[in-house]
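Visitor: Submitted below is the structure of interest, expressed as structure tokens.
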Amino acid sequence: MSETRGAALEPRILALLAEIAPDIDLAAVHPERAFRDQFDFDSMDLFNFAAALHERFGLDIPQRDYRELTSLVRCAAYLRRKLPEPGGA
Amino acid sequence: MPSLGADMEAGTLVEWRIAPGSTVHRGDVVALVETEKGIIDVEAFEEGVVQSLIVAPGSRVPVGTPLALFEGDAIEAKVEVQSALAAAQPTRTAPQPALPDRGRRVSPAARARAASVGVELSSVKGSGPQGVITLQDVEHAAAQKSAQPAAVEAARSALRSAIAASMSRSKREIPHYYLQLAMDFSSAAAWLEQYNQARPVPERLLPAVLLIKATARAAAAKPGFNGHCGANGFEASAAVHVGVAIALRGGGLVAPAILDADRKPLATIMRELQDLVGRVRGGHMRSSEIASATLTVSSLGEEGADALYPIIHPPQVAIVGFGSVLERPWVVAGAVAVRPVLNLTLAADHRVSDGRQGAQFLARIRDGLLHPEEL
Amino acid sequence: MMSYREALREGLREALQKDPKVFLMGEDVGRYGGCYAVTKNLLAEFGAERIRDTPLSESAFVGAGIGAALAGLRPIVEIMTVNFSLLALDQILNNAATLCHMSGGQCPVPLVIRMATGAGRQLAAQHSHSFEGWYAHIPGLRIVAPATIEDARGMLGAALRSPDPVLIFEHIALLNREGELTGAAVDIDKGAIRRPGRDLTVLTYGASLFKCLDAAAQLAAAGIEIEVLDLRTLRPLDDALIMESVRRTHRALIVDEGWRSGSLSAELGMRIVEQAFFDLDAPIARVCTAEVPIPYPKHLEDAALPSVEEIVATARAMVAHES
């Protein structure tokens with residue numbers, strides 16, 4: 001089921017992170033700092049994260065855009081740009 | 001209805017010889033009953049006056065069914081016994097096994113399962129009879145394990161000690177020699193970009209997959225770097241099982257193997273790597289994966305160091321390191337250009353191989369990475 | 001549709017028809033048609049040479065049966081009940097069970113002894129024994145306990161084919177039980193899983209089988225799936241089947257109409273500890289007859305014997321978990 005822009009994105013992104021890396025302390029995630037600087041977040045985690053976003057939001061993310069996924073704020077901004085309007089085509 | 005034979009279960013009342021109001025003495029024949037063995041006279045054991053006949057002639061009723069009532073009779077007594085029986089709880093319970101006062105009470109099956117999934121029994125609450133820890137309790141704990149940082153932390157510090165011991169032993173006992181080779185990673189990066197662009201996210205490859213396959217292929221061709229060193233010296237392995245160093249969040253490193261990495265397609269290696277990382281971080285490795293690596297690969301990823309000088313994991317005899325891919329000056333056709341440069345390093349056991357062989361081994365890996373379409 | 005009694009009779013008829021060396025002897029088997037009517041009409045069908053009424057002396061006619069087997073015939077000796085077999089114990093244990101061994105194989109005793117067994121008919125302490133477990137202690141004997149209609153009919157034939165002395169125990173509570181024959185081949189070497197299950201293995205035999213199946217139905221309604229294994233052969237025991245089941249369910253409950261002390265249930269428990277200890281998730285349990293001479297009054301006899309309620313309660317306790 002594709003999610004849309006409608007509801008707030010940040011909590012849903014955090015929920016997705018928790019799914020791929022259950023040992024992360026979600027409450028302590030700083031929204032602007034890179035994930036990699038806050039907890040071990042390597043290329044495999046990034047890959048799994050991109051794959052989960054692809055599956056959950058129905059978005060194809062080209063490899064060169066992976067750098068937009070490196071912090072919570074950047075990731076949310078990227079998704080807002082890329083996702084369709086709620087109720088739109 | 002009396003029991004007129006050891007195996008009689010029911011009888012047919014054929015004829016009454018009494019009627020309501022009849023006086024009955026002990027020994028009088030009161031009825032005729034038909035059984036498997038024929039028609040039998042039923043004698044009275046009680047004395048009294050008949051109040052009513054309950055069962056009609058021609059009826060087949062089970063042994064024990066009241067056939068007639070005498071004045072002053074009560075059927076309640078019998079009913080009381082029946083209901084008492086029904087309400088009875090089993091009192092003849094077997095003696096319970098004496099349980100140890102100290103220590104945990106764990107069923108044998110639960111103990112075995114806890115060992116195989118790596119659950120610490122001290123952290124499990126027993127919910128079986130008498131507080132025994134059962135299979136169900138261990139399985140519940142195993143499922144919860146990844147969400148409990150405390151338990152993981154304990155396991156991790158045990159892991160860190162184990163790694164420390166192993167690395168110390170390696171440095172003490174294995175005579176390491178080191179080689180380094182730099183390469184231009186641009187053709188590999190371009191190939192990867194093209195491969196990934198044509199595919200949706202879940203089907204893409206990480207650069208690590210190319211490193212693993214190139215190393216595996218090279219190891220298949222140069223046996224002195226692939227195998228185990230034991231009491232009887234070095235035993236080369238025909239199969240190439242590449243251990244992949246995977247960092248645990250919060251510290252610690254394990255290197256489970258991707259089996260037969262030289263023969264698997266890149267997409268398969270990617271899937272297996274993904275599965276391994278997921279399981280390692282979730283704490284579900286299989287012992288065969290840890291013990292079977294014939295050489296190891298360690299990559300810094302994007303950490304930012306040029307080169308990595310790793311320590312061999314005994315009983316292996318080599319470990320290949322990959323630094324971060326960083327833009328560096330590189331000579332192309334006699335002029336300096338900027339290229340993504342990758343530094344390959346080899347740490348190998350000098351009892352088994354020497355520098356010349358090591359250099360050839362690294363060169364093979366590099367050549368594999370220069371032609372990723374052939375991997 | 002056939003009763004257990006009729007199935008036993010059919011097994012006898014088949015055996016008598018197939019092999020002229022087979023004959024039946026025992027008290028009241030001929031003219032009376034059998035104490036439990038199992039052999040009714042066989043005298044008329046097969047004649048007095050094949051269906052032989054014996055004097056009231058178990059030791060004598062079991063001895064005669066041993067002699068007939070030694071001489072090359074295939075006798076089926078009917079001892080009215082296991083309670084009376086005690087009078088022929090020396091013949092069974094010291095002759096039938098040992099002669100083959102003591103003669104270095106020269107004197108096999110291919111004898112079949114059939115006996116009624118069990119309690120539940122208010123026949124009181126001396127006539128309600130279940131000694132099949134006790135007999136299963138003796139090397140040189142094979143002990144079988146048919147519970148189903150199929151086994152009632154087929155085990156006799158398999159027993160006659162065996163060169164060993166075979167004791168067949170026919171529980172009196174089963175005689176009127178009805179069922180369908182499937183025509184499947186019957187052996188005397190293996191147990192059978194009568195109801196598969198996941199949570200607990202119940203090991204039982206004879207009339208207790210049906211109490212266990214009733215208990216299984218009640219437990220299933222509560223979400224507990226027990227596996228009911230009919231031992232069928234008590235000596236030798238089918239260890240392979242038993243352990244495969246216990247390793248799968250991790251729990252074992254033995255239901256045996258004998259008393260618990262020094263019994264078949266004790267033997268089974270010990271074998272499970274020897275062979276499947278590390279697969280157990282709970283202590284092995286058993287439901288046996290209370291350790292008293294079998295009472296005469298109905299309510300006391302019912303209370304002394306294993307009951308469906310007790311089997312259900314024991315199974316529930318074994319799988320219980322505080323939530």
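Residue numbering restarts at 1 for every chain of the structure tokens, chains are lettered A, B, ... in their displayed order, and ligands are numbered from 1 as they appear.
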Compile a residue-level contact table for chain B against chain A at a cut-off of 12 Å, reporting for every qualifying residue the shortest atom pair and its distance in Å to one decimal, with only C-alpha atoms counted, rows ordered by chain and ascending number, as a Markdown table.
Guide:
```
| residue | atom | partner | partner_atom | distance |
| --- | --- | --- | --- | --- |
| B:Gln144 | CA | A:Pro22 | CA | 10.9 |
| B:Lys145 | CA | A:Asp23 | CA | 10.0 |
| B:Ser146 | CA | A:Asp23 | CA | 6.5 |
| B:Ala147 | CA | A:Asp23 | CA | 6.4 |
| B:Gln148 | CA | A:Asp23 | CA | 8.0 |
| B:Pro149 | CA | A:Asp23 | CA | 7.0 |
| B:Ala150 | CA | A:Asp23 | CA | 10.7 |
| B:Ala151 | CA | A:Asp23 | CA | 11.5 |
| B:Val152 | CA | A:Asp23 | CA | 9.2 |
| B:Glu153 | CA | A:Asp23 | CA | 10.8 |
| B:Ala189 | CA | A:Gln63 | CA | 11.6 |
| B:Ala190 | CA | A:Gln63 | CA | 11.8 |
| B:Leu192 | CA | A:Gln63 | CA | 9.8 |
| B:Glu193 | CA | A:Gln63 | CA | 7.3 |
| B:Gln194 | CA | A:Gln63 | CA | 9.9 |
| B:Tyr195 | CA | A:Gln63 | CA | 10.4 |
| B:Asn196 | CA | A:Gln63 | CA | 7.1 |
| B:Gln197 | CA | A:Pro62 | CA | 6.4 |
| B:Ala198 | CA | A:Pro62 | CA | 9.4 |
| B:Arg199 | CA | A:Pro62 | CA | 9.2 |
| B:Pro200 | CA | A:Asp60 | CA | 6.4 |
| B:Val201 | CA | A:Ala51 | CA | 5.2 |
| B:Pro202 | CA | A:Ala51 | CA | 5.1 |
| B:Glu203 | CA | A:Ala51 | CA | 8.7 |
| B:Arg204 | CA | A:Phe47 | CA | 8.5 |
| B:Leu205 | CA | A:Phe47 | CA | 8.8 |
| B:Leu206 | CA | A:Ser43 | CA | 7.5 |
| B:Pro207 | CA | A:Ser43 | CA | 9.1 |
| B:Ala208 | CA | A:Ser43 | CA | 9.0 |
| B:Val209 | CA | A:Met44 | CA | 10.8 |
| B:Ile246 | CA | A:Asp42 | CA | 10.1 |
| B:Ala247 | CA | A:Asp40 | CA | 8.4 |
| B:Leu248 | CA | A:Asp40 | CA | 8.0 |
| B:Arg249 | CA | A:Asp40 | CA | 5.4 |
| B:Gly250 | CA | A:Asp40 | CA | 7.3 |
| B:Gly251 | CA | A:Asp40 | CA | 9.0 |
| B:Gly252 | CA | A:Asp40 | CA | 11.5 |
| B:Met270 | CA | A:Met44 | CA | 9.9 |
| B:Arg271 | CA | A:Met44 | CA | 11.0 |
| B:Glu272 | CA | A:Met44 | CA | 11.9 |
| B:Leu273 | CA | A:Met44 | CA | 8.8 |
| B:Gln274 | CA | A:Met44 | CA | 7.1 |
| B:Asp275 | CA | A:Met44 | CA | 10.4 |
| B:Leu276 | CA | A:Met44 | CA | 10.7 |
| B:Val277 | CA | A:Met44 | CA | 7.8 |
| B:Gly278 | CA | A:Ile20 | CA | 8.2 |
| B:Arg279 | CA | A:Ala21 | CA | 11.0 |
| B:Val280 | CA | A:Ala21 | CA | 11.5 |
| B:Arg281 | CA | A:Ala21 | CA | 8.1 |
| B:Gly282 | CA | A:Pro22 | CA | 8.2 |
| B:Gly283 | CA | A:Asp23 | CA | 10.9 |
| B:Ser299 | CA | A:Ser43 | CA | 10.9 |
| B:Leu300 | CA | A:Asp42 | CA | 9.7 |
| B:Gly301 | CA | A:Ser43 | CA | 7.1 |
| B:Glu302 | CA | A:Asp42 | CA | 7.9 |
| B:Glu303 | CA | A:Asp42 | CA | 8.9 |
| B:Ser324 | CA | A:Ser43 | CA | 11.9 |
```
Visitor: I need the chain C residues near chain B as a VMD selection string; criterion: at most 10 Å, counting only C-alpha atoms.
Guide: chain C and resid 35 to 37 120 to 123 172 to 176 247 250 260 276 to 291 299 to 300 302 to 304 306 to 307 309 to 314 317 to 323
Visitor: One number please: CA of Ala266 (chain C) to CA of Gly118 (chain C), in Å, one decimal.
Guide: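 Here the two named atoms are 18.8 Å from each other.
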Visitor: Compile the contact shell of region 204-213 of chain C as number ranges by chain: residues with an atom at most 9 Å away, counting only C-alpha atoms, same-chain residues fewer than 3 positions apart removed.
Guide: C: 118, 145-148, 169-174, 194-195, 216-218, 228-234, 253-257, 265, 306-308, 311-312
Visitor: Take CA of Thr81 (chain C) and CA of Gly30 (chain C) and report the distance between them in Å, one decimal.
Guide: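 Rounded to one decimal, the two atoms are 16.4 Å apart.
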Visitor: So that I can see what lies close to region 125-127 of chain C, please list as a count of residues only the residues with an atom at most 9 Å from it, counting only C-alpha atoms and leaving out residues fewer than 4 positions away in the same chain.
Guide: 12
Visitor: Residues within 12 Å of Arg364 (chain B), please, as a compact mmCIF listing (two decimals) with N, CA, C and O atoms, in the first residue's frame. Count only C-alpha atoms; anything in the same chain fewer than 6 positions from it doesn't count.
Guide:
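Once everything was written out, this is around18.txt:
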```
# COMPACT_ATOMS: atom_id res chain seq x y z
N LEU B 181 48.08 -2.10 -2.41
CA LEU B 181 47.99 -1.81 -3.85
C LEU B 181 46.86 -0.83 -4.07
O LEU B 181 45.75 -1.04 -3.62
N MET B 183 44.27 1.28 -6.63
CA MET B 183 43.69 1.12 -7.96
C MET B 183 42.69 2.22 -8.27
O MET B 183 42.13 2.84 -7.35
N LEU B 211 33.72 -6.41 -4.27
CA LEU B 211 34.96 -6.68 -3.53
C LEU B 211 35.01 -8.15 -3.11
O LEU B 211 36.03 -8.82 -3.22
N LYS B 213 33.36 -10.77 -4.40
CA LYS B 213 33.47 -11.72 -5.52
C LYS B 213 34.86 -11.68 -6.13
O LYS B 213 35.45 -12.74 -6.43
N ALA B 214 35.42 -10.48 -6.30
CA ALA B 214 36.77 -10.37 -6.89
C ALA B 214 37.78 -11.08 -6.00
O ALA B 214 38.66 -11.80 -6.48
N THR B 215 37.65 -10.91 -4.70
CA THR B 215 38.57 -11.57 -3.76
C THR B 215 38.39 -13.08 -3.83
O THR B 215 39.36 -13.84 -3.85
N ALA B 216 37.14 -13.53 -3.88
CA ALA B 216 36.88 -14.96 -3.91
C ALA B 216 37.47 -15.61 -5.16
O ALA B 216 38.10 -16.67 -5.10
N ARG B 217 37.30 -14.94 -6.29
CA ARG B 217 37.84 -15.47 -7.55
C ARG B 217 39.36 -15.57 -7.47
O ARG B 217 39.96 -16.57 -7.89
N ALA B 218 39.96 -14.51 -6.93
CA ALA B 218 41.43 -14.51 -6.84
C ALA B 218 41.89 -15.61 -5.90
O ALA B 218 42.89 -16.29 -6.15
N ALA B 219 41.15 -15.83 -4.80
CA ALA B 219 41.54 -16.86 -3.83
C ALA B 219 41.43 -18.26 -4.43
O ALA B 219 42.23 -19.15 -4.13
N ALA B 220 40.45 -18.44 -5.32
CA ALA B 220 40.30 -19.75 -5.97
C ALA B 220 41.51 -20.05 -6.83
O ALA B 220 41.93 -21.20 -6.99
N ALA B 221 42.11 -18.97 -7.40
CA ALA B 221 43.24 -19.17 -8.29
C ALA B 221 44.57 -19.24 -7.54
O ALA B 221 45.56 -19.75 -8.05
N LYS B 222 44.63 -18.69 -6.29
CA LYS B 222 45.90 -18.66 -5.54
C LYS B 222 45.68 -19.34 -4.20
O LYS B 222 45.35 -18.68 -3.19
N LEU B 344 43.80 -1.43 -1.83
CA LEU B 344 43.62 -2.81 -1.38
C LEU B 344 44.82 -3.15 -0.52
O LEU B 344 45.95 -2.82 -0.87
N GLN B 357 54.07 -13.77 -3.95
CA GLN B 357 52.76 -14.40 -4.16
C GLN B 357 51.65 -13.44 -3.74
O GLN B 357 50.61 -13.34 -4.39
N GLY B 358 51.90 -12.73 -2.61
CA GLY B 358 50.90 -11.79 -2.12
C GLY B 358 50.63 -10.69 -3.14
O GLY B 358 49.47 -10.31 -3.37
N LEU B 370 38.67 -4.33 -12.09
CA LEU B 370 38.76 -3.49 -13.30
C LEU B 370 37.79 -3.99 -14.36
O LEU B 370 37.42 -3.25 -15.26
N HIS B 371 37.36 -5.24 -14.24
CA HIS B 371 36.41 -5.79 -15.22
C HIS B 371 35.21 -6.39 -14.51
O HIS B 371 35.00 -7.61 -14.54
```
Visitor: If DSSP is run on the backbone, what residues of region 233-374 of chain B are alpha helix (DSSP H)? A reply as a PyMOL selection string would be ideal.
Guide: chain B and resi 266-282+287-291+355-370
Visitor: Just N, CA, C and O atoms for this one: save the residues we selected as a short mmCIF file (atom, residue, chain, number, x, y, z; two decimals), in the first residue's frame.
Guide:
```cif
data_model
loop_
_atom_site.label_atom_id
_atom_site.label_comp_id
_atom_site.auth_asym_id
_atom_site.auth_seq_id
_atom_site.Cartn_x
_atom_site.Cartn_y
_atom_site.Cartn_z
N LEU B 266 26.52 -12.27 -8.58
CA LEU B 266 26.58 -11.08 -7.73
C LEU B 266 25.27 -10.85 -6.98
O LEU B 266 25.28 -10.50 -5.81
N ALA B 267 24.14 -11.06 -7.67
CA ALA B 267 22.85 -10.81 -7.02
C ALA B 267 22.65 -11.74 -5.83
O ALA B 267 22.11 -11.33 -4.80
N THR B 268 23.13 -12.99 -5.98
CA THR B 268 23.02 -13.92 -4.86
C THR B 268 23.88 -13.48 -3.69
O THR B 268 23.46 -13.51 -2.54
N ILE B 269 25.11 -13.07 -3.99
CA ILE B 269 25.99 -12.60 -2.92
C ILE B 269 25.36 -11.41 -2.21
O ILE B 269 25.41 -11.29 -0.98
N MET B 270 24.73 -10.51 -2.96
CA MET B 270 24.08 -9.34 -2.35
C MET B 270 22.99 -9.77 -1.40
O MET B 270 22.90 -9.31 -0.26
N ARG B 271 22.15 -10.71 -1.84
CA ARG B 271 21.05 -11.18 -0.99
C ARG B 271 21.59 -11.82 0.27
O ARG B 271 21.10 -11.59 1.37
N GLU B 272 22.62 -12.66 0.09
CA GLU B 272 23.16 -13.36 1.26
C GLU B 272 23.82 -12.39 2.21
O GLU B 272 23.74 -12.53 3.43
N LEU B 273 24.50 -11.38 1.67
CA LEU B 273 25.13 -10.37 2.51
C LEU B 273 24.08 -9.63 3.33
O LEU B 273 24.23 -9.41 4.53
N GLN B 274 23.00 -9.29 2.65
CA GLN B 274 21.91 -8.59 3.33
C GLN B 274 21.35 -9.43 4.46
O GLN B 274 21.13 -8.96 5.58
N ASP B 275 21.15 -10.71 4.16
CA ASP B 275 20.61 -11.62 5.17
C ASP B 275 21.58 -11.78 6.33
O ASP B 275 21.20 -11.74 7.49
N LEU B 276 22.88 -11.90 6.01
CA LEU B 276 23.89 -12.07 7.06
C LEU B 276 23.93 -10.86 7.98
O LEU B 276 23.93 -10.99 9.19
N VAL B 277 23.96 -9.67 7.38
CA VAL B 277 24.03 -8.45 8.20
C VAL B 277 22.82 -8.36 9.11
O VAL B 277 22.93 -8.06 10.30
N GLY B 278 21.64 -8.66 8.53
CA GLY B 278 20.42 -8.60 9.32
C GLY B 278 20.48 -9.57 10.49
O GLY B 278 20.15 -9.22 11.63
N ARG B 279 20.95 -10.77 10.22
CA ARG B 279 20.97 -11.78 11.29
C ARG B 279 22.04 -11.49 12.31
O ARG B 279 21.87 -11.70 13.51
N VAL B 280 23.21 -11.03 11.84
CA VAL B 280 24.30 -10.70 12.77
C VAL B 280 23.83 -9.64 13.75
O VAL B 280 24.02 -9.75 14.95
N ARG B 281 23.19 -8.62 13.22
CA ARG B 281 22.74 -7.52 14.09
C ARG B 281 21.58 -7.93 14.95
O ARG B 281 21.34 -7.35 16.00
N GLY B 282 20.83 -8.95 14.51
CA GLY B 282 19.72 -9.45 15.32
C GLY B 282 20.13 -10.58 16.23
O GLY B 282 19.34 -11.09 17.02
N SER B 287 26.35 -21.40 13.69
CA SER B 287 27.75 -21.71 14.00
C SER B 287 28.52 -22.09 12.75
O SER B 287 29.71 -21.81 12.62
N SER B 288 27.85 -22.73 11.77
CA SER B 288 28.57 -23.12 10.55
C SER B 288 29.08 -21.89 9.82
O SER B 288 30.12 -21.92 9.17
N GLU B 289 28.35 -20.78 9.91
CA GLU B 289 28.78 -19.58 9.19
C GLU B 289 30.02 -18.98 9.83
O GLU B 289 30.84 -18.40 9.15
N ILE B 290 30.13 -19.09 11.15
CA ILE B 290 31.28 -18.47 11.81
C ILE B 290 32.52 -19.31 11.56
O ILE B 290 33.60 -18.80 11.31
N ALA B 291 32.39 -20.58 11.65
CA ALA B 291 33.58 -21.44 11.65
C ALA B 291 34.12 -21.71 10.25
O ALA B 291 35.25 -22.12 10.10
N GLY B 355 55.89 -12.42 -0.14
CA GLY B 355 55.50 -11.13 -0.73
C GLY B 355 55.20 -11.21 -2.21
O GLY B 355 54.26 -10.59 -2.71
N ARG B 356 55.97 -12.01 -2.92
CA ARG B 356 55.76 -12.08 -4.36
C ARG B 356 54.40 -12.68 -4.68
O ARG B 356 53.64 -12.16 -5.48
N GLN B 357 54.07 -13.77 -3.95
CA GLN B 357 52.76 -14.40 -4.16
C GLN B 357 51.65 -13.44 -3.74
O GLN B 357 50.61 -13.34 -4.39
N GLY B 358 51.90 -12.73 -2.61
CA GLY B 358 50.90 -11.79 -2.12
C GLY B 358 50.63 -10.69 -3.14
O GLY B 358 49.47 -10.31 -3.37
N ALA B 359 51.68 -10.20 -3.75
CA ALA B 359 51.51 -9.13 -4.74
C ALA B 359 50.69 -9.64 -5.91
O ALA B 359 49.82 -8.95 -6.44
N GLN B 360 50.97 -10.88 -6.33
CA GLN B 360 50.20 -11.46 -7.45
C GLN B 360 48.72 -11.60 -7.07
O GLN B 360 47.83 -11.38 -7.88
N PHE B 361 48.50 -12.01 -5.82
CA PHE B 361 47.12 -12.19 -5.33
C PHE B 361 46.37 -10.86 -5.39
O PHE B 361 45.25 -10.77 -5.92
N LEU B 362 47.01 -9.79 -4.85
CA LEU B 362 46.36 -8.48 -4.86
C LEU B 362 46.11 -8.01 -6.30
O LEU B 362 45.05 -7.45 -6.61
N ALA B 363 47.07 -8.29 -7.17
CA ALA B 363 46.90 -7.86 -8.56
C ALA B 363 45.70 -8.54 -9.18
O ALA B 363 44.95 -7.93 -9.95
N ARG B 364 45.50 -9.81 -8.84
CA ARG B 364 44.34 -10.52 -9.38
C ARG B 364 43.02 -9.90 -8.92
O ARG B 364 42.07 -9.81 -9.70
N ILE B 365 43.00 -9.51 -7.66
CA ILE B 365 41.77 -8.89 -7.14
C ILE B 365 41.53 -7.59 -7.90
O ILE B 365 40.41 -7.31 -8.37
N ARG B 366 42.59 -6.81 -8.06
CA ARG B 366 42.44 -5.54 -8.77
C ARG B 366 41.93 -5.77 -10.18
O ARG B 366 41.03 -5.08 -10.65
N ASP B 367 42.51 -6.77 -10.87
CA ASP B 367 42.08 -7.03 -12.24
C ASP B 367 40.62 -7.43 -12.29
O ASP B 367 39.89 -7.06 -13.21
N GLY B 368 40.19 -8.18 -11.29
CA GLY B 368 38.77 -8.53 -11.22
C GLY B 368 37.91 -7.29 -11.11
O GLY B 368 36.87 -7.16 -11.78
N LEU B 369 38.35 -6.34 -10.31
CA LEU B 369 37.56 -5.12 -10.10
C LEU B 369 37.63 -4.19 -11.30
O LEU B 369 36.74 -3.37 -11.52
N LEU B 370 38.67 -4.33 -12.09
CA LEU B 370 38.76 -3.49 -13.30
C LEU B 370 37.79 -3.99 -14.36
O LEU B 370 37.42 -3.25 -15.26
#
```
